[in-house]
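Trainee: PDB, C-alpha atoms, pLDDT in the B column, saved as model_20.pdb, coming up:
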ATOM      1  CA  MET V   1      97.547-274.003  62.529  1.00 71.00           C
ATOM      2  CA  ASP V   2      96.871-273.013  58.942  1.00 85.00           C
ATOM      3  CA  SER V   3      99.922-271.672  57.147  1.00 88.00           C
ATOM      4  CA  ILE V   4      98.124-268.502  56.067  1.00 90.00           C
ATOM      5  CA  THR V   5      97.037-267.866  59.666  1.00 89.00           C
ATOM      6  CA  THR V   6     100.594-268.439  60.858  1.00 90.00           C
ATOM      7  CA  ALA V   7     102.033-266.033  58.298  1.00 92.00           C
ATOM      8  CA  ALA V   8      99.427-263.385  59.033  1.00 92.00           C
ATOM      9  CA  SER V   9     100.036-263.732  62.774  1.00 92.00           C
ATOM     10  CA  VAL V  10     103.777-263.283  62.392  1.00 93.00           C
ATOM     11  CA  VAL V  11     103.347-260.241  60.147  1.00 95.00           C
ATOM     12  CA  ALA V  12     100.759-258.754  62.521  1.00 94.00           C
ATOM     13  CA  ALA V  13     103.046-259.324  65.516  1.00 93.00           C
ATOM     14  CA  GLY V  14     105.884-257.493  63.814  1.00 94.00           C
ATOM     15  CA  LEU V  15     103.618-254.633  62.819  1.00 95.00           C
ATOM     16  CA  ALA V  16     102.153-254.382  66.322  1.00 93.00           C
ATOM     17  CA  VAL V  17     105.541-254.024  67.972  1.00 93.00           C
ATOM     18  CA  GLY V  18     107.117-251.894  65.256  1.00 94.00           C
ATOM     19  CA  LEU V  19     104.311-249.413  64.749  1.00 94.00           C
ATOM     20  CA  GLY V  20     103.405-249.362  68.429  1.00 92.00           C
ATOM     21  CA  ALA V  21     106.921-248.361  69.452  1.00 92.00           C
ATOM     22  CA  ILE V  22     107.267-245.369  67.118  1.00 94.00           C
ATOM     23  CA  GLY V  23     105.072-242.899  68.976  1.00 94.00           C
ATOM     24  CA  PRO V  24     106.197-243.736  72.530  1.00 93.00           C
ATOM     25  CA  GLY V  25     109.808-243.730  71.375  1.00 92.00           C
ATOM     26  CA  ILE V  26     109.546-240.193  70.033  1.00 94.00           C
ATOM     27  CA  GLY V  27     107.635-239.065  73.102  1.00 94.00           C
ATOM     28  CA  GLN V  28     110.099-240.621  75.537  1.00 91.00           C
ATOM     29  CA  GLY V  29     113.014-239.056  73.742  1.00 91.00           C
ATOM     30  CA  SER V  30     111.573-235.562  73.890  1.00 93.00           C
ATOM     31  CA  ALA V  31     110.475-236.038  77.515  1.00 92.00           C
ATOM     32  CA  ALA V  32     113.925-237.211  78.578  1.00 90.00           C
ATOM     33  CA  GLN V  33     115.514-234.294  76.744  1.00 91.00           C
ATOM     34  CA  GLY V  34     113.257-231.818  78.523  1.00 92.00           C
ATOM     35  CA  ALA V  35     113.862-233.453  81.900  1.00 91.00           C
ATOM     36  CA  VAL V  36     117.630-233.425  81.579  1.00 90.00           C
ATOM     37  CA  GLU V  37     117.562-229.792  80.474  1.00 92.00           C
ATOM     38  CA  GLY V  38     115.310-228.943  83.410  1.00 92.00           C
ATOM     39  CA  ILE V  39     117.599-230.727  85.896  1.00 90.00           C
ATOM     40  CA  ALA V  40     120.593-228.889  84.448  1.00 90.00           C
ATOM     41  CA  ARG V  41     118.863-225.530  84.815  1.00 93.00           C
ATOM     42  CA  GLN V  42     117.270-226.201  88.196  1.00 91.00           C
ATOM     43  CA  PRO V  43     119.175-228.873  90.137  1.00 89.00           C
ATOM     44  CA  GLU V  44     117.165-228.187  93.287  1.00 88.00           C
ATOM     45  CA  ALA V  45     114.022-229.449  91.516  1.00 88.00           C
ATOM     46  CA  GLU V  46     115.635-232.724  90.482  1.00 87.00           C
ATOM     47  CA  GLY V  47     113.360-234.926  92.578  1.00 87.00           C
ATOM     48  CA  LYS V  48     110.159-233.426  91.248  1.00 88.00           C
ATOM     49  CA  ILE V  49     111.408-233.575  87.674  1.00 90.00           C
ATOM     50  CA  ARG V  50     112.458-237.216  88.036  1.00 89.00           C
ATOM     51  CA  GLY V  51     109.127-238.096  89.655  1.00 89.00           C
ATOM     52  CA  THR V  52     107.156-236.474  86.868  1.00 89.00           C
ATOM     53  CA  LEU V  53     109.395-238.205  84.344  1.00 90.00           C
ATOM     54  CA  LEU V  54     108.758-241.576  86.013  1.00 89.00           C
ATOM     55  CA  LEU V  55     104.999-241.106  85.890  1.00 89.00           C
ATOM     56  CA  SER V  56     105.006-239.915  82.273  1.00 90.00           C
ATOM     57  CA  PHE V  57     107.382-242.691  81.186  1.00 91.00           C
ATOM     58  CA  ALA V  58     105.196-245.327  82.812  1.00 90.00           C
ATOM     59  CA  PHE V  59     102.169-244.081  80.892  1.00 90.00           C
ATOM     60  CA  MET V  60     104.051-243.708  77.624  1.00 91.00           C
ATOM     61  CA  GLU V  61     105.705-247.085  77.823  1.00 89.00           C
ATOM     62  CA  SER V  62     102.416-248.808  78.503  1.00 89.00           C
ATOM     63  CA  LEU V  63     101.500-248.087  74.880  1.00 91.00           C
ATOM     64  CA  THR V  64     104.552-250.070  73.817  1.00 91.00           C
ATOM     65  CA  ILE V  65     103.586-252.825  76.226  1.00 90.00           C
ATOM     66  CA  TYR V  66     100.113-253.062  74.698  1.00 91.00           C
ATOM     67  CA  GLY V  67     101.640-253.718  71.286  1.00 92.00           C
ATOM     68  CA  LEU V  68     104.147-256.120  72.803  1.00 90.00           C
ATOM     69  CA  VAL V  69     101.451-258.109  74.581  1.00 89.00           C
ATOM     70  CA  VAL V  70      99.345-258.310  71.406  1.00 91.00           C
ATOM     71  CA  ALA V  71     102.370-259.540  69.483  1.00 91.00           C
ATOM     72  CA  LEU V  72     103.257-262.139  72.106  1.00 88.00           C
ATOM     73  CA  VAL V  73      99.679-263.381  72.284  1.00 88.00           C
ATOM     74  CA  LEU V  74      99.629-263.728  68.506  1.00 90.00           C
ATOM     75  CA  LEU V  75     102.898-265.647  68.551  1.00 88.00           C
ATOM     76  CA  PHE V  76     102.555-267.885  71.601  1.00 84.00           C
ATOM     77  CA  ALA V  77      98.852-268.047  72.513  1.00 81.00           C
ATOM     78  CA  ASN V  78      97.142-267.406  69.216  1.00 81.00           C
ATOM     79  CA  PRO V  79      93.337-267.392  69.586  1.00 83.00           C
ATOM     80  CA  PHE V  80      92.910-267.943  65.828  1.00 82.00           C
ATOM     81  CA  ALA V  81      94.869-271.168  65.798  1.00 78.00           C
ATOM     82  CA  GLY V  82      92.611-273.992  64.740  1.00 67.00           C
TER      83      GLY V  82
ATOM     84  CA  MET C   1     160.460-212.949  67.509  1.00 45.00           C
ATOM     85  CA  LEU C   2     158.292-210.256  69.006  1.00 46.00           C
ATOM     86  CA  ALA C   3     156.635-212.716  71.323  1.00 48.00           C
ATOM     87  CA  SER C   4     159.848-214.256  72.596  1.00 47.00           C
ATOM     88  CA  PRO C   5     160.255-211.862  75.536  1.00 48.00           C
ATOM     89  CA  LEU C   6     156.794-212.849  76.737  1.00 47.00           C
ATOM     90  CA  LEU C   7     157.635-216.547  76.849  1.00 49.00           C
ATOM     91  CA  GLN C   8     158.839-217.767  80.193  1.00 49.00           C
ATOM     92  CA  PRO C   9     161.564-220.356  80.536  1.00 48.00           C
ATOM     93  CA  GLU C  10     160.444-223.874  81.547  1.00 48.00           C
ATOM     94  CA  ASN C  11     162.472-223.834  84.735  1.00 49.00           C
ATOM     95  CA  ASP C  12     160.776-220.679  85.912  1.00 50.00           C
ATOM     96  CA  PRO C  13     157.276-221.562  87.108  1.00 48.00           C
ATOM     97  CA  PRO C  14     154.498-219.010  86.888  1.00 49.00           C
ATOM     98  CA  LYS C  15     154.503-216.859  89.926  1.00 47.00           C
ATOM     99  CA  GLY C  16     151.684-217.477  92.332  1.00 46.00           C
ATOM    100  CA  GLY C  17     150.401-220.757  90.854  1.00 45.00           C
ATOM    101  CA  ASP C  18     152.253-223.135  93.147  1.00 47.00           C
ATOM    102  CA  LEU C  19     151.632-220.890  96.101  1.00 45.00           C
ATOM    103  CA  LEU C  20     147.884-221.054  95.516  1.00 45.00           C
ATOM    104  CA  LEU C  21     147.936-224.853  95.204  1.00 45.00           C
ATOM    105  CA  GLU C  22     149.934-225.188  98.396  1.00 47.00           C
ATOM    106  CA  LYS C  23     147.466-222.985 100.225  1.00 47.00           C
ATOM    107  CA  LEU C  24     144.567-225.074  99.002  1.00 45.00           C
ATOM    108  CA  GLU C  25     146.215-228.342  99.995  1.00 47.00           C
ATOM    109  CA  ASP C  26     147.091-226.963 103.422  1.00 49.00           C
ATOM    110  CA  SER C  27     143.525-225.915 104.043  1.00 48.00           C
ATOM    111  CA  GLY C  28     142.292-229.425 103.241  1.00 46.00           C
ATOM    112  CA  GLN C  29     140.251-228.372 100.219  1.00 46.00           C
ATOM    113  CA  SER C  30     140.641-230.078  96.890  1.00 44.00           C
ATOM    114  CA  THR C  31     140.844-228.131  93.667  1.00 44.00           C
ATOM    115  CA  GLU C  32     137.734-229.932  92.372  1.00 43.00           C
ATOM    116  CA  SER C  33     135.645-228.657  95.209  1.00 43.00           C
ATOM    117  CA  ASN C  34     136.826-225.154  94.495  1.00 43.00           C
ATOM    118  CA  LEU C  35     135.741-225.554  90.898  1.00 44.00           C
ATOM    119  CA  ASN C  36     132.220-226.297  92.104  1.00 45.00           C
ATOM    120  CA  LEU C  37     129.862-223.695  90.756  1.00 46.00           C
ATOM    121  CA  GLY C  38     127.903-223.289  93.914  1.00 47.00           C
ATOM    122  CA  LEU C  39     125.563-226.277  93.480  1.00 49.00           C
ATOM    123  CA  PRO C  40     123.472-226.633  96.619  1.00 54.00           C
ATOM    124  CA  GLU C  41     124.207-230.227  97.691  1.00 57.00           C
ATOM    125  CA  ASP C  42     121.677-230.210 100.516  1.00 63.00           C
ATOM    126  CA  SER C  43     118.844-229.289  98.200  1.00 63.00           C
ATOM    127  CA  SER C  44     119.997-231.940  95.711  1.00 64.00           C
ATOM    128  CA  ASP C  45     119.979-234.613  98.434  1.00 70.00           C
ATOM    129  CA  ALA C  46     116.546-233.508  99.609  1.00 71.00           C
ATOM    130  CA  SER C  47     115.349-233.577  96.021  1.00 71.00           C
ATOM    131  CA  SER C  48     116.577-237.124  95.421  1.00 76.00           C
ATOM    132  CA  GLY C  49     115.003-238.117  98.741  1.00 83.00           C
ATOM    133  CA  GLU C  50     111.734-236.753  97.426  1.00 83.00           C
ATOM    134  CA  TYR C  51     112.092-239.013  94.383  1.00 86.00           C
ATOM    135  CA  VAL C  52     112.705-242.043  96.613  1.00 89.00           C
ATOM    136  CA  GLN C  53     109.653-241.163  98.689  1.00 90.00           C
ATOM    137  CA  LEU C  54     107.520-240.928  95.545  1.00 88.00           C
ATOM    138  CA  GLN C  55     108.720-244.381  94.482  1.00 90.00           C
ATOM    139  CA  ARG C  56     107.867-245.825  97.893  1.00 92.00           C
ATOM    140  CA  ARG C  57     104.376-244.303  97.790  1.00 91.00           C
ATOM    141  CA  ILE C  58     103.790-245.772  94.335  1.00 92.00           C
ATOM    142  CA  TYR C  59     105.003-249.256  95.377  1.00 93.00           C
ATOM    143  CA  ARG C  60     102.892-249.175  98.521  1.00 93.00           C
ATOM    144  CA  ALA C  61      99.776-248.164  96.605  1.00 93.00           C
ATOM    145  CA  ALA C  62     100.464-250.809  93.940  1.00 93.00           C
ATOM    146  CA  LEU C  63     100.867-253.505  96.598  1.00 94.00           C
ATOM    147  CA  ILE C  64      97.600-252.484  98.273  1.00 94.00           C
ATOM    148  CA  VAL C  65      95.727-252.502  94.955  1.00 94.00           C
ATOM    149  CA  SER C  66      97.248-255.882  94.067  1.00 94.00           C
ATOM    150  CA  ALA C  67      96.280-257.406  97.393  1.00 95.00           C
ATOM    151  CA  LEU C  68      92.730-256.100  97.060  1.00 95.00           C
ATOM    152  CA  ALA C  69      92.413-257.357  93.474  1.00 95.00           C
ATOM    153  CA  GLY C  70      93.895-260.737  94.404  1.00 94.00           C
ATOM    154  CA  THR C  71      91.449-261.175  97.270  1.00 95.00           C
ATOM    155  CA  ILE C  72      88.437-260.221  95.174  1.00 95.00           C
ATOM    156  CA  THR C  73      89.552-262.476  92.325  1.00 95.00           C
ATOM    157  CA  ALA C  74      90.126-265.423  94.648  1.00 94.00           C
ATOM    158  CA  PHE C  75      86.661-264.925  96.083  1.00 94.00           C
ATOM    159  CA  PHE C  76      84.845-264.686  92.729  1.00 94.00           C
ATOM    160  CA  PHE C  77      86.967-266.568  90.162  1.00 93.00           C
ATOM    161  CA  GLY C  78      89.000-269.146  92.049  1.00 92.00           C
ATOM    162  CA  LEU C  79      92.502-269.731  93.283  1.00 93.00           C
ATOM    163  CA  TYR C  80      94.392-270.195  90.014  1.00 92.00           C
ATOM    164  CA  VAL C  81      92.995-267.027  88.495  1.00 94.00           C
ATOM    165  CA  SER C  82      94.011-265.172  91.649  1.00 95.00           C
ATOM    166  CA  ILE C  83      97.535-266.629  91.507  1.00 95.00           C
ATOM    167  CA  SER C  84      97.832-265.606  87.854  1.00 95.00           C
ATOM    168  CA  LEU C  85      96.696-262.089  88.726  1.00 95.00           C
ATOM    169  CA  LEU C  86      99.126-261.836  91.636  1.00 96.00           C
ATOM    170  CA  ILE C  87     102.030-263.046  89.483  1.00 95.00           C
ATOM    171  CA  GLY C  88     101.131-260.405  86.921  1.00 95.00           C
ATOM    172  CA  ALA C  89     100.864-257.743  89.629  1.00 95.00           C
ATOM    173  CA  LEU C  90     104.275-258.612  91.055  1.00 95.00           C
ATOM    174  CA  SER C  91     105.699-258.475  87.532  1.00 95.00           C
ATOM    175  CA  GLY C  92     104.182-255.021  87.105  1.00 94.00           C
ATOM    176  CA  ILE C  93     105.794-253.800  90.326  1.00 94.00           C
ATOM    177  CA  LEU C  94     109.134-255.265  89.206  1.00 95.00           C
ATOM    178  CA  TYR C  95     108.745-253.490  85.858  1.00 94.00           C
ATOM    179  CA  LEU C  96     108.036-250.211  87.641  1.00 92.00           C
ATOM    180  CA  ARG C  97     111.069-250.725  89.898  1.00 93.00           C
ATOM    181  CA  LEU C  98     113.349-251.268  86.911  1.00 93.00           C
ATOM    182  CA  LEU C  99     111.875-248.233  85.142  1.00 91.00           C
ATOM    183  CA  ALA C 100     112.380-246.062  88.226  1.00 91.00           C
ATOM    184  CA  ARG C 101     115.973-247.250  88.547  1.00 91.00           C
ATOM    185  CA  SER C 102     116.759-246.445  84.928  1.00 90.00           C
ATOM    186  CA  ILE C 103     115.166-242.991  85.295  1.00 88.00           C
ATOM    187  CA  GLY C 104     117.186-242.438  88.466  1.00 87.00           C
ATOM    188  CA  LYS C 105     120.369-243.112  86.516  1.00 85.00           C
ATOM    189  CA  LEU C 106     119.362-240.795  83.671  1.00 81.00           C
ATOM    190  CA  GLY C 107     121.710-237.855  83.394  1.00 75.00           C
ATOM    191  CA  THR C 108     124.146-239.106  86.039  1.00 77.00           C
ATOM    192  CA  SER C 109     125.587-242.439  84.945  1.00 79.00           C
ATOM    193  CA  SER C 110     123.719-243.048  81.701  1.00 77.00           C
ATOM    194  CA  LYS C 111     122.535-240.826  78.915  1.00 77.00           C
ATOM    195  CA  THR C 112     119.580-242.944  77.813  1.00 79.00           C
ATOM    196  CA  VAL C 113     116.766-244.773  79.557  1.00 79.00           C
ATOM    197  CA  SER C 114     117.447-248.489  79.414  1.00 80.00           C
ATOM    198  CA  LYS C 115     114.869-250.842  77.935  1.00 82.00           C
ATOM    199  CA  ILE C 116     115.637-253.811  80.171  1.00 86.00           C
ATOM    200  CA  GLN C 117     112.287-253.389  81.927  1.00 87.00           C
ATOM    201  CA  LEU C 118     110.453-254.378  78.744  1.00 88.00           C
ATOM    202  CA  LEU C 119     111.752-257.914  79.235  1.00 91.00           C
ATOM    203  CA  VAL C 120     109.428-258.312  82.230  1.00 92.00           C
ATOM    204  CA  PRO C 121     106.120-258.517  80.240  1.00 91.00           C
ATOM    205  CA  VAL C 122     107.857-260.714  77.646  1.00 90.00           C
ATOM    206  CA  VAL C 123     108.970-263.208  80.298  1.00 93.00           C
ATOM    207  CA  LEU C 124     105.545-263.002  81.960  1.00 92.00           C
ATOM    208  CA  VAL C 125     103.608-263.833  78.791  1.00 89.00           C
ATOM    209  CA  LEU C 126     106.050-266.598  77.848  1.00 90.00           C
ATOM    210  CA  ALA C 127     105.887-268.155  81.330  1.00 91.00           C
ATOM    211  CA  VAL C 128     102.110-267.963  81.528  1.00 91.00           C
ATOM    212  CA  SER C 129     101.672-269.440  78.052  1.00 87.00           C
ATOM    213  CA  LYS C 130     103.988-272.345  78.937  1.00 88.00           C
ATOM    214  CA  LEU C 131     102.442-273.167  82.331  1.00 89.00           C
ATOM    215  CA  SER C 132      99.028-274.741  81.997  1.00 87.00           C
ATOM    216  CA  GLN C 133      97.874-273.817  85.534  1.00 88.00           C
ATOM    217  CA  LEU C 134      98.172-270.099  84.901  1.00 90.00           C
ATOM    218  CA  GLU C 135      95.883-268.035  82.713  1.00 90.00           C
ATOM    219  CA  LEU C 136      96.945-265.337  80.292  1.00 89.00           C
ATOM    220  CA  LEU C 137      94.234-262.706  80.644  1.00 90.00           C
ATOM    221  CA  PRO C 138      94.383-262.386  84.474  1.00 93.00           C
ATOM    222  CA  ALA C 139      98.175-262.201  84.307  1.00 94.00           C
ATOM    223  CA  ILE C 140      98.082-259.351  81.775  1.00 92.00           C
ATOM    224  CA  LEU C 141      95.410-257.517  83.746  1.00 92.00           C
ATOM    225  CA  GLY C 142      97.446-258.030  86.903  1.00 94.00           C
ATOM    226  CA  PHE C 143     100.496-256.611  85.175  1.00 93.00           C
ATOM    227  CA  LEU C 144      98.540-253.436  84.461  1.00 92.00           C
ATOM    228  CA  LEU C 145      97.515-253.062  88.117  1.00 92.00           C
ATOM    229  CA  TYR C 146     100.355-250.598  88.729  1.00 91.00           C
ATOM    230  CA  LYS C 147      98.446-248.022  86.720  1.00 91.00           C
ATOM    231  CA  PRO C 148      95.782-247.176  89.333  1.00 90.00           C
ATOM    232  CA  SER C 149      98.521-246.302  91.814  1.00 89.00           C
ATOM    233  CA  LEU C 150     100.163-244.027  89.233  1.00 90.00           C
ATOM    234  CA  ILE C 151      96.857-242.301  88.505  1.00 90.00           C
ATOM    235  CA  PHE C 152      96.308-241.928  92.249  1.00 88.00           C
ATOM    236  CA  GLN C 153      99.732-240.326  92.654  1.00 86.00           C
ATOM    237  CA  ILE C 154      99.094-237.915  89.788  1.00 86.00           C
ATOM    238  CA  LEU C 155      95.762-236.902  91.301  1.00 87.00           C
ATOM    239  CA  LEU C 156      97.426-236.482  94.700  1.00 85.00           C
ATOM    240  CA  GLU C 157     100.195-234.294  93.272  1.00 80.00           C
ATOM    241  CA  SER C 158      97.810-232.144  91.269  1.00 80.00           C
ATOM    242  CA  ARG C 159      95.636-231.655  94.341  1.00 81.00           C
ATOM    243  CA  SER C 160      98.646-230.662  96.464  1.00 78.00           C
ATOM    244  CA  ARG C 161      99.754-228.198  93.771  1.00 73.00           C
ATOM    245  CA  VAL C 162      96.320-226.595  93.626  1.00 75.00           C
ATOM    246  CA  SER C 163      96.054-226.240  97.395  1.00 71.00           C
ATOM    247  CA  PRO C 164      99.564-226.238  98.905  1.00 61.00           C
ATOM    248  CA  ASP C 165      98.219-225.308 102.357  1.00 58.00           C
ATOM    249  CA  HIS C 166      96.475-228.654 102.746  1.00 52.00           C
ATOM    250  CA  SER C 167      99.509-230.790 101.810  1.00 44.00           C
TER     251      SER C 167
END
Would you mind writing the file out in structure tokens?
Mentor:
Amino acid sequence: MDSITTAASVVAAGLAVGLGAIGPGIGQGSAAQGAVEGIARQPEAEGKIRGTLLLSFAFMESLTIYGLVVALVLLFANPFAG
Amino acid sequence: MLASPLLQPENDPPKGGDLLLEKLEDSGQSTESNLNLGLPEDSSDASSGEYVQLQRRIYRAALIVSALAGTITAFFFGLYVSISLLIGALSGILYLRLLARSIGKLGTSSKTVSKIQLLVPVVLVLAVSKLSQLELLPAILGFLLYKPSLIFQILLESRSRVSPDHS
């Protein structure tokens, strides 16, 4: 693989993971805060709150996984490698 | 000096305190249970059972979708593509299981959601890129096969909230 392609792939992998984790991280933090507050206020609705949190976390974390998969493909199965 | 008459000697216990503790111990109740603020334990158990049932529904739907996708892929694209897709689908279900476990612990035994489940796609991509029989794209698409079951559950819940009589 060309050295410029290698360097660009490594930089792009870092950017993909780093930038892709910012938004879901903020969203997951605020969602977890709201869920814990809701469970503390209404313990009888704990199951519904946890279920909604599971569904929302799965969708939020998939954005991180997209960036992670792009980074791993660039590092270990690079399509631009000669 | 003014407060000295109010202070009690150490040998003289406060009146009534020991008597209350003895009564509680005789009646078989602990002091912790008497400090309980009236939390309904039955409703909490039923609520956590509801969470477990939701998890089971999601896993069942994900397994059905994975089996359908694996069969269709084996029919149209061949055996190795189908095996790659099924490995990815099983990894997705494992990821969802770890995520559900960490959310179940949130607020009780841990204050944050653990990120151990993110190791599953990392290991999947590394394993698929190292093994020449497996293919990367079907494995990644198979990993994302848990999403249709989640969307199905959301649609089911929203429908049951709109019309609670039919649930």
Trainee: To one decimal in Å, tell me the separation between atom CA of V:Val36 and atom CA of C:Val162.
Mentor: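 So the answer is 25.4 Å.
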Trainee: When distances are computed from all atoms listed in the file, which of V:Ala31, V:Leu75, V:Ala81, V:Leu55 shows the smallest separation from V:Val11?
Mentor: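 Looking only at the distances to V:Val11, the closest residue turns out to be V:Leu75.
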Trainee: Suppose you want the space between atom CA of C:Ile151 and atom CA of C:Leu119; what is it in Å?
Mentor: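 Those two atoms sit 23.5 Å apart.
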Trainee: Just say which residues the ChimeraX specification (/C :<7) & /V picks in this file, as a ChimeraX atom specification.
Mentor: /V:36,43-48,50-51,54-55,72,76-77
Trainee: Hey, can you check how far atom CA of V:Leu68 sits from atom CA of V:Ala12?
Mentor: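 Rounded to one decimal, the two atoms are 11.1 Å apart.
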Trainee: Measuring between all atoms listed in the file, which one of C:Ala89, C:Val120, C:Val81, C:Ala139 shows the shortest distance to C:Ala61?
Mentor: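 Smallest distance to C:Ala61 is found for C:Ala89.
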Trainee: Counting all atoms listed in the file, find residues at most 12 Å from (105.8, -235.4, 75.2) (file frame) and give them as a ChimeraX atom specification.
Mentor: /V:23-35,52-53,56-57,59-61
Trainee: Assuming the chain letters and numbering stay as they are in my file, what does the PyMOL selection byres ((chain V and resi 10) around 12) actually select? List them as number ranges by chain.
Mentor: V: 3-9, 11-17, 70-76, 78
Trainee: Measuring atom to atom with all atoms listed in the file, identify which of C:Ser109, C:Ser163, C:Pro138, C:Gly92 is nearest to C:Tyr59.
Mentor: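 Of C:Ser109, C:Ser163, C:Pro138, C:Gly92, the one nearest C:Tyr59 is C:Gly92, counting all atoms listed in the file.
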